[in-house]
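Source file: upload_35.cif (mmCIF, C-alpha atoms (C1' of nucleotides))
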```cif
data_upload
#
loop_
_atom_site.label_atom_id
_atom_site.label_comp_id
_atom_site.auth_asym_id
_atom_site.auth_seq_id
_atom_site.Cartn_x
_atom_site.Cartn_y
_atom_site.Cartn_z
CA MET A 1 -1.53 -2.84 -0.13
CA ARG A 2 2.19 -3.44 -0.07
CA LEU A 3 4.91 -2.63 2.42
CA SER A 4 7.90 -0.77 1.01
CA GLU A 5 11.24 -2.48 0.42
CA PRO A 6 13.03 -0.51 3.16
CA VAL A 7 10.87 -2.33 5.72
CA GLU A 8 12.40 -5.65 4.71
CA TRP A 9 15.89 -4.11 4.76
CA ALA A 10 15.35 -2.58 8.19
CA LEU A 11 14.24 -5.91 9.64
CA HIS A 12 17.30 -7.68 8.26
CA CYS A 13 19.63 -4.88 9.40
CA THR A 14 18.31 -4.81 12.96
CA THR A 15 18.56 -8.60 13.12
CA VAL A 16 22.21 -8.45 12.05
CA LEU A 17 22.93 -5.57 14.42
CA ALA A 18 21.59 -7.72 17.25
CA LEU A 19 24.75 -9.81 16.79
CA VAL A 20 27.07 -6.83 17.23
CA PRO A 21 28.67 -6.24 20.68
CA PRO A 22 27.59 -3.07 22.56
CA ASP A 23 30.87 -1.29 21.85
CA GLY A 24 30.94 -2.11 18.15
CA ALA A 25 29.40 -0.22 15.22
CA VAL A 26 28.65 -1.24 11.62
CA PRO A 27 28.64 1.54 8.99
CA SER A 28 25.62 1.77 6.72
CA SER A 29 27.77 1.03 3.66
CA LYS A 30 28.80 -2.31 5.18
CA LEU A 31 25.20 -3.18 6.06
CA ALA A 32 24.25 -2.43 2.46
CA GLU A 33 27.05 -4.62 1.15
CA PHE A 34 26.12 -7.42 3.55
CA HIS A 35 22.53 -7.46 2.34
CA GLY A 36 23.12 -6.59 -1.29
CA VAL A 37 20.93 -3.48 -1.28
CA PRO A 38 21.55 0.12 -2.50
CA ALA A 39 23.70 1.92 0.09
CA ALA A 40 22.49 5.50 -0.39
CA TYR A 41 18.85 4.47 -0.03
CA LEU A 42 19.39 2.10 2.88
CA ALA A 43 21.07 5.00 4.71
CA LYS A 44 17.69 6.74 4.86
CA SER A 45 16.06 3.79 6.60
CA LEU A 46 18.87 3.58 9.15
CA GLN A 47 18.36 7.26 9.93
CA SER A 48 14.68 6.52 10.54
CA LEU A 49 15.59 3.69 12.89
CA SER A 50 17.99 6.05 14.68
CA ARG A 51 15.34 8.76 15.11
CA ALA A 52 13.00 6.11 16.52
CA GLY A 53 15.59 5.14 19.12
CA ILE A 54 15.88 1.56 17.87
CA VAL A 55 19.47 1.85 16.73
CA GLU A 56 22.19 4.15 17.99
CA SER A 57 24.37 6.05 15.54
CA VAL A 58 28.06 6.68 16.07
CA ALA A 59 29.42 9.58 14.02
CA GLY A 60 32.97 10.02 12.84
CA ARG A 61 35.58 7.65 11.50
CA SER A 62 35.01 4.02 12.60
CA GLY A 63 31.46 5.04 13.38
CA GLY A 64 28.29 3.31 12.27
CA TYR A 65 25.21 1.78 13.83
CA ARG A 66 24.48 -0.51 16.74
CA LEU A 67 21.31 -1.64 18.46
CA ALA A 68 20.09 0.84 21.12
CA LYS A 69 18.21 -1.76 23.20
CA ALA A 70 18.33 -5.47 23.99
CA PRO A 71 17.03 -7.61 21.09
CA ALA A 72 14.19 -8.86 23.33
CA ASP A 73 13.05 -5.26 23.80
CA VAL A 74 12.69 -4.46 20.09
CA THR A 75 9.46 -5.68 18.51
CA LEU A 76 8.92 -6.07 14.80
CA LEU A 77 6.26 -3.38 15.10
CA ASP A 78 8.87 -0.94 16.43
CA VAL A 79 10.99 -1.50 13.33
CA VAL A 80 8.11 -1.51 10.86
CA GLU A 81 6.55 1.68 12.27
CA ALA A 82 9.90 3.46 12.35
CA VAL A 83 10.33 2.96 8.62
CA GLU A 84 6.75 2.78 7.34
CA GLY A 85 5.02 5.18 9.71
CA ARG A 86 2.27 4.79 12.27
CA GLU A 87 -0.74 5.62 10.11
CA SER A 88 -3.46 3.03 9.67
CA SER A 89 -3.48 1.04 6.43
CA PHE A 90 -7.07 2.24 5.96
CA HIS A 91 -7.76 5.91 5.40
CA CYS A 92 -11.38 6.96 5.89
CA THR A 93 -12.46 9.77 3.57
CA GLU A 94 -15.89 10.06 5.24
CA ILE A 95 -17.82 8.88 2.22
CA ARG A 96 -20.89 8.48 4.42
CA LYS A 97 -21.06 12.27 4.76
CA ARG A 98 -21.10 12.84 1.01
CA GLY A 99 -23.71 12.48 -1.71
CA PRO A 100 -27.46 13.13 -1.84
CA ALA A 101 -28.20 11.32 1.45
CA ARG A 102 -25.92 13.49 3.55
CA VAL A 103 -27.09 15.58 6.48
CA SER A 104 -25.21 17.98 8.75
CA PRO A 105 -21.75 16.46 9.48
CA ARG A 106 -22.02 16.83 13.25
CA LEU A 107 -25.00 14.46 13.40
CA TYR A 108 -22.85 11.43 12.52
CA SER A 109 -21.08 9.15 14.99
CA PRO A 110 -17.40 10.07 15.46
CA VAL A 111 -16.19 7.10 13.41
CA CYS A 112 -17.75 5.33 10.43
CA ALA A 113 -18.73 1.66 10.91
CA ILE A 114 -16.62 0.60 7.95
CA ALA A 115 -13.58 2.50 9.17
CA GLU A 116 -14.12 0.98 12.61
CA ALA A 117 -13.87 -2.55 11.20
CA MET A 118 -10.85 -1.70 9.08
CA TYR A 119 -9.06 -0.09 12.02
CA ARG A 120 -9.72 -3.24 14.04
CA ALA A 121 -8.02 -5.35 11.36
CA ASP A 122 -5.10 -2.93 11.22
CA GLU A 123 -4.74 -3.22 14.97
CA ALA A 124 -4.76 -7.04 14.75
CA TRP A 125 -1.87 -6.79 12.30
CA ARG A 126 0.05 -4.50 14.65
CA ALA A 127 -0.70 -6.70 17.66
CA GLU A 128 0.84 -9.67 15.88
CA LEU A 129 3.95 -7.66 14.97
CA ARG A 130 4.16 -6.42 18.56
CA ASN A 131 4.24 -10.04 19.65
CA THR A 132 7.55 -10.90 17.97
CA THR A 133 10.93 -9.45 18.95
CA LEU A 134 14.38 -9.47 17.39
CA ALA A 135 15.34 -12.07 20.00
CA ASP A 136 12.67 -14.37 18.59
CA LEU A 137 14.07 -13.90 15.10
CA LEU A 138 17.60 -14.69 16.27
CA GLN A 139 16.37 -17.99 17.68
CA ARG A 140 14.84 -19.01 14.36
CA LEU A 141 17.99 -17.96 12.49
CA ALA A 142 19.75 -21.30 13.05
CA THR A 143 16.96 -23.22 11.35
CA THR A 144 16.31 -20.82 8.44
CA ILE A 145 19.91 -20.08 7.44
CA PRO A 146 22.59 -22.72 6.76
CA THR A 147 25.40 -22.94 9.35
CA GLN A 148 27.88 -22.19 6.58
CA ALA A 149 26.13 -18.93 5.79
CA VAL A 150 25.98 -17.99 9.48
CA ALA A 151 29.73 -18.62 9.73
CA LYS A 152 30.45 -16.46 6.68
CA GLY A 153 28.23 -13.76 8.11
CA THR A 154 29.94 -13.64 11.50
CA ALA A 155 33.33 -13.63 9.73
CA PHE A 156 32.25 -10.61 7.69
CA LEU A 157 31.10 -8.82 10.83
CA GLN A 158 34.37 -9.65 12.65
CA GLU A 159 36.28 -8.12 9.75
CA VAL A 160 34.17 -4.95 9.92
CA LEU A 161 34.41 -4.57 13.69
CA SER A 162 38.17 -5.07 13.93
CA MET B 1 1.40 0.72 3.55
CA ARG B 2 -1.90 2.12 2.42
CA LEU B 3 -5.03 0.56 0.99
CA SER B 4 -6.30 2.14 -2.24
CA GLU B 5 -9.38 4.36 -2.32
CA PRO B 6 -11.44 1.87 -4.35
CA VAL B 7 -11.37 -0.45 -1.32
CA GLU B 8 -13.29 2.09 0.71
CA TRP B 9 -15.71 2.66 -2.15
CA ALA B 10 -16.28 -1.07 -2.64
CA LEU B 11 -17.10 -1.53 1.05
CA HIS B 12 -19.62 1.33 0.99
CA CYS B 13 -21.15 0.11 -2.28
CA THR B 14 -21.61 -3.48 -1.10
CA THR B 15 -23.14 -2.19 2.13
CA VAL B 16 -25.65 -0.10 0.18
CA LEU B 17 -26.37 -2.95 -2.23
CA ALA B 18 -27.22 -5.12 0.78
CA LEU B 19 -30.32 -2.93 1.13
CA VAL B 20 -31.48 -3.61 -2.43
CA PRO B 21 -34.17 -6.29 -3.03
CA PRO B 22 -33.06 -9.41 -4.97
CA ASP B 23 -34.90 -8.33 -8.11
CA GLY B 24 -33.57 -4.77 -8.12
CA ALA B 25 -30.38 -3.39 -9.62
CA VAL B 26 -28.47 -0.14 -9.06
CA PRO B 27 -26.40 1.20 -12.00
CA SER B 28 -22.79 2.12 -11.26
CA SER B 29 -23.46 5.75 -12.14
CA LYS B 30 -26.09 5.94 -9.39
CA LEU B 31 -23.76 4.28 -6.87
CA ALA B 32 -21.12 6.85 -7.79
CA GLU B 33 -23.59 9.70 -7.34
CA PHE B 34 -24.79 8.28 -4.04
CA HIS B 35 -21.25 8.15 -2.63
CA GLY B 36 -19.86 11.23 -4.33
CA VAL B 37 -17.03 9.39 -6.08
CA PRO B 38 -15.82 9.41 -9.75
CA ALA B 39 -18.19 7.22 -11.79
CA ALA B 40 -15.80 5.98 -14.47
CA TYR B 41 -13.27 4.83 -11.89
CA LEU B 42 -15.79 3.27 -9.51
CA ALA B 43 -17.03 1.20 -12.46
CA LYS B 44 -13.71 -0.64 -12.45
CA SER B 45 -14.11 -1.66 -8.82
CA LEU B 46 -17.63 -2.89 -9.41
CA GLN B 47 -16.37 -5.04 -12.28
CA SER B 48 -13.81 -6.53 -9.89
CA LEU B 49 -16.55 -7.29 -7.38
CA SER B 50 -18.57 -8.89 -10.17
CA ARG B 51 -15.67 -11.10 -11.30
CA ALA B 52 -15.20 -12.18 -7.68
CA GLY B 53 -18.85 -13.26 -7.50
CA ILE B 54 -19.70 -10.81 -4.71
CA VAL B 55 -22.09 -8.74 -6.77
CA GLU B 56 -24.17 -9.73 -9.75
CA SER B 57 -24.27 -7.54 -12.85
CA VAL B 58 -27.37 -7.00 -14.94
CA ALA B 59 -26.66 -5.74 -18.46
CA GLY B 60 -28.95 -3.66 -20.61
CA ARG B 61 -31.27 -0.78 -19.93
CA SER B 62 -32.50 -0.69 -16.31
CA GLY B 63 -29.55 -2.92 -15.49
CA GLY B 64 -26.97 -2.41 -12.78
CA TYR B 65 -25.61 -4.27 -9.79
CA ARG B 66 -27.05 -6.26 -6.92
CA LEU B 67 -25.54 -8.41 -4.21
CA ALA B 68 -24.90 -12.00 -5.35
CA LYS B 69 -25.11 -13.53 -1.85
CA ALA B 70 -26.77 -12.89 1.48
CA PRO B 71 -25.09 -10.02 3.41
CA ALA B 72 -24.14 -12.49 6.18
CA ASP B 73 -22.21 -14.54 3.62
CA VAL B 74 -20.01 -11.70 2.39
CA THR B 75 -17.01 -10.97 4.61
CA LEU B 76 -15.02 -7.75 4.50
CA LEU B 77 -12.06 -9.85 3.39
CA ASP B 78 -14.03 -10.99 0.32
CA VAL B 79 -14.59 -7.38 -0.70
CA VAL B 80 -11.09 -6.17 0.13
CA GLU B 81 -9.39 -9.04 -1.70
CA ALA B 82 -11.62 -8.63 -4.74
CA VAL B 83 -10.48 -5.04 -5.18
CA GLU B 84 -6.99 -5.06 -3.67
CA GLY B 85 -5.82 -8.56 -4.56
CA ARG B 86 -4.80 -11.58 -2.52
CA GLU B 87 -1.06 -10.98 -2.28
CA SER B 88 0.55 -10.60 1.14
CA SER B 89 1.37 -7.07 2.30
CA PHE B 90 4.94 -8.26 2.77
CA HIS B 91 6.97 -9.29 -0.23
CA CYS B 92 10.12 -11.27 0.56
CA THR B 93 12.98 -10.60 -1.85
CA GLU B 94 15.20 -13.28 -0.26
CA ILE B 95 17.75 -10.85 1.08
CA ARG B 96 19.20 -13.64 3.20
CA LYS B 97 20.45 -15.34 0.02
CA ARG B 98 22.32 -12.25 -1.15
CA GLY B 99 25.60 -10.59 -0.19
CA PRO B 100 28.98 -11.94 0.91
CA ALA B 101 27.53 -14.42 3.43
CA ARG B 102 25.43 -16.30 0.91
CA VAL B 103 25.79 -19.98 0.13
CA SER B 104 24.03 -22.22 -2.37
CA PRO B 105 20.32 -21.20 -2.45
CA ARG B 106 18.99 -24.72 -1.96
CA LEU B 107 20.62 -24.99 1.48
CA TYR B 108 18.20 -22.43 3.01
CA SER B 109 14.88 -23.21 4.66
CA PRO B 110 11.92 -22.75 2.30
CA VAL B 111 10.83 -19.51 3.99
CA CYS B 112 12.87 -16.78 5.67
CA ALA B 113 12.27 -16.21 9.41
CA ILE B 114 11.48 -12.55 8.84
CA ALA B 115 9.03 -13.30 6.05
CA GLU B 116 7.43 -15.96 8.26
CA ALA B 117 6.69 -13.39 10.97
CA MET B 118 5.41 -10.83 8.48
CA TYR B 119 3.15 -13.39 6.82
CA ARG B 120 1.74 -14.27 10.24
CA ALA B 121 0.83 -10.62 10.83
CA ASP B 122 -0.73 -10.38 7.38
CA GLU B 123 -2.82 -13.45 8.15
CA ALA B 124 -3.95 -11.91 11.46
CA TRP B 125 -5.17 -8.89 9.50
CA ARG B 126 -7.06 -11.11 7.07
CA ALA B 127 -8.51 -13.21 9.88
CA GLU B 128 -9.98 -10.11 11.46
CA LEU B 129 -11.50 -8.99 8.15
CA ARG B 130 -12.85 -12.50 7.62
CA ASN B 131 -14.61 -12.15 10.96
CA THR B 132 -16.90 -9.28 9.93
CA THR B 133 -19.67 -9.52 7.34
CA LEU B 134 -21.84 -7.01 5.54
CA ALA B 135 -24.67 -8.07 7.86
CA ASP B 136 -22.57 -6.89 10.82
CA LEU B 137 -22.01 -3.54 9.13
CA LEU B 138 -25.74 -3.14 8.46
CA GLN B 139 -26.44 -3.61 12.16
CA ARG B 140 -24.02 -0.84 13.11
CA LEU B 141 -25.46 1.45 10.46
CA ALA B 142 -28.25 2.75 12.69
CA THR B 143 -25.79 3.99 15.31
CA THR B 144 -23.19 5.47 12.95
CA ILE B 145 -25.48 7.27 10.53
CA PRO B 146 -28.27 9.71 11.53
CA THR B 147 -31.83 8.44 10.97
CA GLN B 148 -32.44 11.42 8.69
CA ALA B 149 -29.55 10.37 6.45
CA VAL B 150 -30.75 6.76 6.40
CA ALA B 151 -34.20 8.01 5.34
CA LYS B 152 -32.75 10.15 2.56
CA GLY B 153 -30.64 7.20 1.44
CA THR B 154 -33.55 4.78 1.20
CA ALA B 155 -35.57 7.43 -0.62
CA PHE B 156 -32.77 7.80 -3.17
CA LEU B 157 -32.64 4.02 -3.66
CA GLN B 158 -36.45 3.83 -4.03
CA GLU B 159 -36.24 6.46 -6.76
CA VAL B 160 -33.53 4.50 -8.57
CA LEU B 161 -35.30 1.14 -8.30
CA SER B 162 -38.69 2.35 -9.49
"C1'" DG C 1 -37.87 -2.87 -34.23
"C1'" DT C 2 -35.38 0.81 -32.84
"C1'" DA C 3 -33.36 3.80 -29.64
"C1'" DT C 4 -31.59 3.96 -25.16
"C1'" DA C 5 -29.15 2.66 -21.05
"C1'" DT C 6 -26.33 -0.31 -19.15
"C1'" DC C 7 -22.01 -3.68 -18.36
"C1'" DC C 8 -17.44 -4.93 -19.97
"C1'" DG C 9 -12.61 -4.68 -21.22
"C1'" DG C 10 -8.85 -2.24 -23.26
"C1'" DA C 11 -6.15 1.96 -24.13
"C1'" DT C 12 -4.54 6.05 -22.45
"C1'" DA C 13 -3.43 10.20 -19.59
"C1'" DA C 14 -2.38 12.72 -15.21
"C1'" DC C 15 -0.92 12.61 -10.82
"C1'" DT C 16 1.29 10.75 -6.67
"C1'" DA C 17 4.34 7.81 -4.12
"C1'" DA C 18 8.34 4.70 -4.07
"C1'" DT C 19 12.96 4.09 -5.32
"C1'" DA C 20 17.49 5.91 -5.81
"C1'" DT C 21 21.40 9.17 -5.93
"C1'" DC C 22 24.13 13.15 -4.72
"C1'" DC C 23 25.98 16.93 -2.01
"C1'" DG C 24 27.46 19.97 1.84
"C1'" DG C 25 27.81 20.31 6.82
"C1'" DA C 26 28.85 18.24 11.34
"C1'" DT C 27 31.38 14.90 14.08
"C1'" DA C 28 34.88 12.06 15.71
"C1'" DT C 29 38.59 8.79 15.00
"C1'" DA C 30 43.20 7.17 13.06
"C1'" DT D 1 45.21 16.99 9.90
"C1'" DA D 2 43.13 13.86 6.81
"C1'" DT D 3 39.71 10.47 6.57
"C1'" DA D 4 35.47 8.07 7.30
"C1'" DT D 5 31.29 8.38 8.99
"C1'" DC D 6 26.22 10.25 10.17
"C1'" DC D 7 22.74 13.63 8.90
"C1'" DG D 8 19.37 16.26 6.30
"C1'" DG D 9 18.00 18.40 2.09
"C1'" DA D 10 17.55 18.53 -2.90
"C1'" DT D 11 16.85 16.14 -6.95
"C1'" DA D 12 15.99 12.51 -10.58
"C1'" DT D 13 13.88 8.27 -12.05
"C1'" DT D 14 10.63 4.72 -11.95
"C1'" DA D 15 6.41 2.51 -10.71
"C1'" DG D 16 1.75 2.63 -8.96
"C1'" DT D 17 -2.54 4.99 -8.20
"C1'" DT D 18 -6.20 7.64 -9.80
"C1'" DA D 19 -9.06 8.89 -13.60
"C1'" DT D 20 -11.10 9.18 -18.24
"C1'" DC D 21 -12.64 7.61 -22.72
"C1'" DC D 22 -14.07 4.52 -26.33
"C1'" DG D 23 -16.14 0.59 -28.93
"C1'" DG D 24 -18.56 -3.75 -28.50
"C1'" DA D 25 -22.15 -6.59 -26.32
"C1'" DT D 26 -26.58 -6.98 -23.98
"C1'" DA D 27 -31.12 -6.22 -22.69
"C1'" DT D 28 -34.93 -3.15 -21.65
"C1'" DA D 29 -38.37 0.63 -22.74
"C1'" DC D 30 -40.99 2.74 -26.08
#
```

Rewrite the coordinates I just gave you, this time as structure tokens.
Amino acid sequence: MRLSEPVEWALHCTTVLALVPPDGAVPSSKLAEFHGVPAAYLAKSLQSLSRAGIVESVAGRSGGYRLAKAPADVTLLDVVEAVEGRESSFHCTEIRKRGPARVSPRLYSPVCAIAEAMYRADEAWRAELRNTTLADLLQRLATTIPTQAVAKGTAFLQEVLS
Amino acid sequence: MRLSEPVEWALHCTTVLALVPPDGAVPSSKLAEFHGVPAAYLAKSLQSLSRAGIVESVAGRSGGYRLAKAPADVTLLDVVEAVEGRESSFHCTEIRKRGPARVSPRLYSPVCAIAEAMYRADEAWRAELRNTTLADLLQRLATTIPTQAVAKGTAFLQEVLS
DNA sequence: GTATATCCGGATAACTAATATCCGGATATA
DNA sequence: TATATCCGGATATTAGTTATCCGGATATAC
């Protein structure tokens, strides 16, 4: 079980966009350059984030993306689900209703005991992601990224926004 | 993010094997028939469970598999990790150290803030799986599977064990 | 003692999903 | 008016999942 790369990109992009003023906009090509990831593919993820209402897209020249809500109102789950989808990590194929021991399908409980447990774990994962926001990430930024790098990053963003 | 099919099979197989007496053994072909899944492929999963010490393999004619521990001592996480691996669902590619804002790699904190949060969610998922055992599943069996099906299942196992 | 049924690991094939790029249309700014 | 962007669809490439087969080892049934 592995999350796709675009999830990581989307989390980094939304974190960076949280630093952009409400009237600014960063084009997808610049976000790709900033993070060192393929531009054409990243564009797809940004479109997903836009459809989900997490970022706002600005068309036309000097357009781009900005955050659509306050950083404290965007959870990691919002971002992850926008890119990765909302389906459970476990997919029940109703094995219990197959094979020589099977009886009429309508006699079974609505959900298999194994699926039940797996769904519970999936929900625990989502609950934890729901518990962290972009604002939380921004706070940790100062201790996980060198001040020099933060300075270079803000300089790059200034350049793009001007 | 999706778990592979063999995970579901392994959970159903270990649950069934929990009903087998300590001196019995169910061949992989019979487990495949019982669950209506491809025999040659299921065999791989059972080998994984065997390597992980969750099931015990008996070679030779009238051989097969049995549980290696008491059902209460086998967590769902044990089974899932045996088949799916122990790697986190999130894989950090150190995006923060790339692009125009990067500085010398050794200046960064050991783990990225985003990865930190994602690892925490992954651990919450594992914690939940660690909290349920095969014994718990067996208890729920009576309410999720019709008595008729349970009877047919035990009859099938009796036939195999004799 | 021999034939049979099983586990085991490796090699291989088919299929599906993830990764990545490109293009034409729409939109809005310089 | 030309340019730079977002958007969605189509397509290609790569990697992972699903699935099968085979030969060797092991132990039971006859």

Could you do a least-squares fit of chain B on chain A over every C-alpha atom, in sequence order, and give the output as a compact mmCIF listing (two decimals) with C-alpha atoms, keeping the file's coordinate frame?
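In the end it all went to part.txt:
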```
# COMPACT_ATOMS: atom_id res chain seq x y z
CA MET B 1 -1.52 -2.78 -0.14
CA ARG B 2 2.19 -3.37 -0.10
CA LEU B 3 4.91 -2.60 2.40
CA SER B 4 7.93 -0.74 0.99
CA GLU B 5 11.27 -2.47 0.41
CA PRO B 6 13.06 -0.49 3.14
CA VAL B 7 10.88 -2.30 5.70
CA GLU B 8 12.42 -5.61 4.70
CA TRP B 9 15.89 -4.10 4.76
CA ALA B 10 15.35 -2.55 8.19
CA LEU B 11 14.24 -5.89 9.64
CA HIS B 12 17.31 -7.67 8.25
CA CYS B 13 19.63 -4.88 9.40
CA THR B 14 18.30 -4.80 12.96
CA THR B 15 18.56 -8.59 13.11
CA VAL B 16 22.21 -8.44 12.05
CA LEU B 17 22.94 -5.57 14.42
CA ALA B 18 21.59 -7.72 17.25
CA LEU B 19 24.73 -9.82 16.79
CA VAL B 20 27.06 -6.84 17.24
CA PRO B 21 28.68 -6.26 20.68
CA PRO B 22 27.59 -3.09 22.56
CA ASP B 23 30.88 -1.33 21.86
CA GLY B 24 30.95 -2.14 18.15
CA ALA B 25 29.42 -0.26 15.24
CA VAL B 26 28.66 -1.27 11.64
CA PRO B 27 28.69 1.52 9.00
CA SER B 28 25.66 1.74 6.72
CA SER B 29 27.81 1.01 3.68
CA LYS B 30 28.84 -2.34 5.19
CA LEU B 31 25.23 -3.19 6.07
CA ALA B 32 24.29 -2.42 2.47
CA GLU B 33 27.09 -4.63 1.16
CA PHE B 34 26.15 -7.42 3.55
CA HIS B 35 22.53 -7.44 2.34
CA GLY B 36 23.15 -6.58 -1.29
CA VAL B 37 20.97 -3.47 -1.27
CA PRO B 38 21.60 0.14 -2.50
CA ALA B 39 23.76 1.92 0.10
CA ALA B 40 22.56 5.49 -0.38
CA TYR B 41 18.92 4.47 -0.02
CA LEU B 42 19.44 2.10 2.91
CA ALA B 43 21.10 5.01 4.73
CA LYS B 44 17.73 6.74 4.86
CA SER B 45 16.11 3.79 6.60
CA LEU B 46 18.89 3.58 9.14
CA GLN B 47 18.41 7.27 9.93
CA SER B 48 14.72 6.54 10.53
CA LEU B 49 15.63 3.71 12.88
CA SER B 50 18.03 6.05 14.67
CA ARG B 51 15.39 8.77 15.10
CA ALA B 52 13.02 6.14 16.50
CA GLY B 53 15.62 5.16 19.11
CA ILE B 54 15.90 1.57 17.86
CA VAL B 55 19.49 1.86 16.74
CA GLU B 56 22.22 4.14 17.99
CA SER B 57 24.41 6.05 15.54
CA VAL B 58 28.10 6.67 16.07
CA ALA B 59 29.49 9.54 14.00
CA GLY B 60 33.04 9.93 12.81
CA ARG B 61 35.62 7.56 11.45
CA SER B 62 35.06 3.95 12.59
CA GLY B 63 31.51 4.99 13.37
CA GLY B 64 28.32 3.29 12.27
CA TYR B 65 25.24 1.77 13.84
CA ARG B 66 24.50 -0.52 16.76
CA LEU B 67 21.33 -1.63 18.46
CA ALA B 68 20.11 0.84 21.11
CA LYS B 69 18.22 -1.76 23.19
CA ALA B 70 18.33 -5.44 23.98
CA PRO B 71 17.02 -7.59 21.08
CA ALA B 72 14.18 -8.84 23.32
CA ASP B 73 13.04 -5.24 23.78
CA VAL B 74 12.70 -4.44 20.09
CA THR B 75 9.45 -5.65 18.52
CA LEU B 76 8.91 -6.03 14.79
CA LEU B 77 6.25 -3.35 15.10
CA ASP B 78 8.88 -0.90 16.41
CA VAL B 79 10.99 -1.47 13.32
CA VAL B 80 8.11 -1.47 10.85
CA GLU B 81 6.56 1.71 12.26
CA ALA B 82 9.91 3.49 12.34
CA VAL B 83 10.35 2.99 8.61
CA GLU B 84 6.76 2.82 7.34
CA GLY B 85 5.03 5.22 9.72
CA ARG B 86 2.27 4.83 12.28
CA GLU B 87 -0.75 5.64 10.13
CA SER B 88 -3.49 3.04 9.71
CA SER B 89 -3.52 1.05 6.46
CA PHE B 90 -7.09 2.24 6.00
CA HIS B 91 -7.78 5.90 5.44
CA CYS B 92 -11.41 6.94 5.91
CA THR B 93 -12.49 9.76 3.60
CA GLU B 94 -15.93 10.04 5.25
CA ILE B 95 -17.85 8.85 2.23
CA ARG B 96 -20.92 8.45 4.41
CA LYS B 97 -21.11 12.25 4.76
CA ARG B 98 -21.12 12.80 1.00
CA GLY B 99 -23.72 12.45 -1.74
CA PRO B 100 -27.47 13.08 -1.87
CA ALA B 101 -28.21 11.27 1.42
CA ARG B 102 -25.96 13.45 3.54
CA VAL B 103 -27.13 15.55 6.45
CA SER B 104 -25.29 17.95 8.74
CA PRO B 105 -21.84 16.43 9.49
CA ARG B 106 -22.11 16.81 13.26
CA LEU B 107 -25.09 14.43 13.40
CA TYR B 108 -22.91 11.39 12.52
CA SER B 109 -21.15 9.12 14.99
CA PRO B 110 -17.48 10.05 15.48
CA VAL B 111 -16.25 7.07 13.44
CA CYS B 112 -17.80 5.31 10.45
CA ALA B 113 -18.78 1.64 10.90
CA ILE B 114 -16.65 0.58 7.95
CA ALA B 115 -13.62 2.49 9.19
CA GLU B 116 -14.15 0.96 12.64
CA ALA B 117 -13.90 -2.56 11.22
CA MET B 118 -10.88 -1.71 9.09
CA TYR B 119 -9.10 -0.09 12.03
CA ARG B 120 -9.75 -3.24 14.06
CA ALA B 121 -8.04 -5.35 11.38
CA ASP B 122 -5.13 -2.92 11.24
CA GLU B 123 -4.75 -3.20 15.00
CA ALA B 124 -4.78 -7.02 14.77
CA TRP B 125 -1.89 -6.77 12.31
CA ARG B 126 0.03 -4.48 14.65
CA ALA B 127 -0.71 -6.68 17.65
CA GLU B 128 0.84 -9.64 15.89
CA LEU B 129 3.95 -7.63 14.97
CA ARG B 130 4.14 -6.38 18.55
CA ASN B 131 4.23 -10.01 19.65
CA THR B 132 7.55 -10.87 17.97
CA THR B 133 10.93 -9.43 18.94
CA LEU B 134 14.36 -9.45 17.38
CA ALA B 135 15.33 -12.04 20.00
CA ASP B 136 12.66 -14.36 18.57
CA LEU B 137 14.05 -13.87 15.08
CA LEU B 138 17.59 -14.66 16.27
CA GLN B 139 16.36 -17.96 17.68
CA ARG B 140 14.84 -18.97 14.35
CA LEU B 141 17.98 -17.93 12.50
CA ALA B 142 19.74 -21.26 13.02
CA THR B 143 16.93 -23.19 11.32
CA THR B 144 16.31 -20.78 8.42
CA ILE B 145 19.89 -20.05 7.43
CA PRO B 146 22.57 -22.71 6.72
CA THR B 147 25.36 -22.94 9.32
CA GLN B 148 27.87 -22.20 6.56
CA ALA B 149 26.12 -18.91 5.78
CA VAL B 150 25.95 -17.99 9.47
CA ALA B 151 29.70 -18.64 9.72
CA LYS B 152 30.44 -16.48 6.69
CA GLY B 153 28.21 -13.76 8.12
CA THR B 154 29.94 -13.66 11.49
CA ALA B 155 33.31 -13.66 9.74
CA PHE B 156 32.24 -10.64 7.70
CA LEU B 157 31.10 -8.83 10.86
CA GLN B 158 34.37 -9.70 12.66
CA GLU B 159 36.28 -8.16 9.76
CA VAL B 160 34.19 -5.00 9.93
CA LEU B 161 34.43 -4.63 13.71
CA SER B 162 38.18 -5.13 13.95
```

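Once the PyMOL selection byres ((chain A and resi 22) around 8) is applied to the shown structure, the selection contains Val20, Pro21, Asp23, Gly24, Arg66 and Leu67 of chain A.
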
Just say which residues the PyMOL selection byres ((chain D) within 7 of (chain A)) picks in this file, as a ChimeraX atom specification. /D:4-6

Can you translate the PyMOL selection byres ((chain D and resi 15-28) around 8) into the concrete residues it hits in this file, as a list in words? Ser4, Pro38, Ala40, Tyr41, Ala59, Gly60, Arg61 and Ser62 of chain B; DC7, DA13, DA14, DC15, DT16, DA17 and DA18 of chain C; DT14 and DA29 of chain D

For a cut-off of 9 Å around (-14.0, -8.4, 1.7), file coordinates, pick out all residues using all atoms listed in the file and list them as number ranges by chain. B: 7, 10-11, 54, 74-83, 129-130, 132-134

Taking only C-alpha atoms into account, find every residue of chain A that has an atom no more than 8 Å from chain B, and write it out as a ChimeraX atom specification. /A:1-4,8-9,11-12,33-36,84,88-92,95-96,98-103,107-114,117-118,120-126,128-129,132,137,140-141,143-146,148-153,156

For the contact check between chain C and chain B, emit one row per residue of chain C within 8 Å, containing the shortest atom pair and the distance in Å rounded to one decimal, counting all atoms listed in the file, chain then rising number order, as CSV.
```
residue,atom,partner,partner_atom,distance
C:DT4,C1',B:Arg61,CA,7.1
C:DA5,C1',B:Arg61,CA,4.2
C:DT6,C1',B:Gly60,CA,4.5
C:DC7,C1',B:Ala59,CA,5.1
C:DC8,C1',B:Gln47,CA,7.8
```
